[in-house]
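Comments concern the structure below.
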Amino acid sequence: MTDAPAYVPPKVWTWNKENGGQFANINRPIAGPTHDKVLPVGKHPLQLYSLATPNGVKVTVMLEELLALGHKGAEYDAWLIKIGNGDQFGSGFVDINPNSKIPALMDRSGPEPIRVFESGSILF
């Protein structure tokens with residue numbers, strides 16, 4: 001045992017932004033939007049908001065394969081979310097995915113839009 005004083009957590013926690021390296025701005029320990037930004041909406045019922053990361057590519061590949069098989073209901077508009085710039089923390093994106101992670105999909109094919117997020121959920 002050491003004679004070091006016991007750690008006492010602060011009453012109010014503060015985020016040390018200097019810690020975290022190059023990706024500190026995209027992995028933040030707080031929730032909610034950091035800025036207002038309306039997401040674009042195209043002409044197809046499915047609106048995909050993503051980036052060419054492994055999880056983002058999974059959804060795009062699935063939709064393209066469905067289209068190749070003739071499933072017209074898989075037509076979609078794809079919109080780039082630049083996670084390095086913090087686009088995933090914009091108000092429009094957070095409205096679809098409160099976790100601020102890509103990919104996110106808005107299905108506007110029914111009477112009410114349905115938001116689907118996380119690649120596994122979208123694939124399902």
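Just so we're on the same page: first chain in the structure tokens is A, next is B, and so on; residues restart at 1 for each chain, and ligands are numbered from 1 in the order they show up.
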Practice problem: Would you list the contacts of region 81-87 of chain A as an MDAnalysis selection string, taking every protein, DNA or RNA residue within 8 Å and counting only C-alpha atoms, but skipping same-chain residues closer than 5 positions in sequence? | Solution: chainID A and resid 23 25:26 49:51 93 102
Quiz item: Which polymer residues have any atom within 9 Å of an atom of Phe89 (chain A), counting only C-alpha atoms, with same-chain residues fewer than 2 positions away left out, as a PyMOL selection string?
Solution: chain A and resi 26+31-37+83+86-87+91-94+98+100-101
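Straight-line separation from CA of Asp107 (chain A) to CA of Leu46 (chain A): 4.7 Å.
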Exercise. If you run DSSP over the backbone, which residues in region 4-122 of chain A end up strand (DSSP E or B)? Put them as a list in words.
Key: His35, Leu46, Gln47, Leu48, Tyr49, Ser50, Tyr76, Asp77, Ala78, Trp79, Leu80, Gly90, Ala104, Leu105, Met106, Asp107, Ile114, Arg115, Val116 and Phe117 of chain A
Exercise. Considering only C-alpha atoms, return as a PyMOL selection string whatever protein or nucleic-acid residues lie within 12 Å of region 61-78 of chain A, sequence-local ones (same chain, fewer than 6 positions apart) excluded.
Key: chain A and resi 39-55+103-110+119-120+122-124
Exercise. List every residue of chain A that DSSP, applied to the backbone of this structure, places in helix (DSSP H, G or I), and write the result as an MDAnalysis selection string.
Key: chainID A and resid 21:23 54:68 72:74 83:85 87:89 91:96 119:123
Residues from last step as file, C-alpha atoms, as a short mmCIF file (atom, residue, chain, number, x, y, z; two decimals), in the first residue's frame:
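Saved as selection_18.cif:
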```
data_model
loop_
_atom_site.label_atom_id
_atom_site.label_comp_id
_atom_site.auth_asym_id
_atom_site.auth_seq_id
_atom_site.Cartn_x
_atom_site.Cartn_y
_atom_site.Cartn_z
CA GLY A 21 -5.58 13.45 -29.54
CA GLN A 22 -6.64 13.90 -33.14
CA PHE A 23 -10.11 12.37 -32.70
CA PRO A 54 -16.83 0.32 -42.70
CA ASN A 55 -20.24 0.74 -41.04
CA GLY A 56 -21.36 3.35 -43.56
CA VAL A 57 -20.34 1.18 -46.50
CA LYS A 58 -22.35 -1.81 -45.23
CA VAL A 59 -25.62 0.05 -45.65
CA THR A 60 -24.72 1.46 -49.07
CA VAL A 61 -23.72 -2.00 -50.33
CA MET A 62 -27.00 -3.50 -49.08
CA LEU A 63 -29.11 -0.81 -50.75
CA GLU A 64 -27.18 -1.13 -54.02
CA GLU A 65 -27.59 -4.92 -53.98
CA LEU A 66 -31.33 -4.57 -53.40
CA LEU A 67 -31.57 -2.14 -56.30
CA ALA A 68 -29.58 -4.53 -58.51
CA LYS A 72 -37.56 -0.22 -56.27
CA GLY A 73 -38.31 0.43 -52.57
CA ALA A 74 -34.56 0.57 -51.94
CA ILE A 83 -17.38 13.31 -39.01
CA GLY A 84 -14.00 15.04 -38.90
CA ASN A 85 -15.82 18.36 -39.19
CA ASP A 87 -21.39 17.18 -38.95
CA GLN A 88 -22.78 14.35 -36.80
CA PHE A 89 -23.34 16.85 -33.98
CA SER A 91 -29.24 19.41 -34.87
CA GLY A 92 -30.69 17.68 -37.94
CA PHE A 93 -28.44 14.65 -37.60
CA VAL A 94 -28.94 14.37 -33.83
CA ASP A 95 -32.72 14.39 -34.47
CA ILE A 96 -32.23 11.17 -36.45
CA SER A 119 -25.65 -0.09 -39.17
CA GLY A 120 -26.98 -3.37 -37.75
CA SER A 121 -30.47 -1.91 -37.27
CA ILE A 122 -30.51 -0.45 -40.75
CA LEU A 123 -29.39 -3.76 -42.28
#
```
Practice problem: Please indicate the distance in Å from CA of Trp15 (chain A) to CA of Asn97 (chain A), rounded to one decimal place. | Solution: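 Interatomic distance here is 22.5 Å.
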Quiz prompt | Atomic distance CA of Pro29 (chain A) - CA of Thr14 (chain A), expressed in Å with one decimal | solution = 9.9 Å
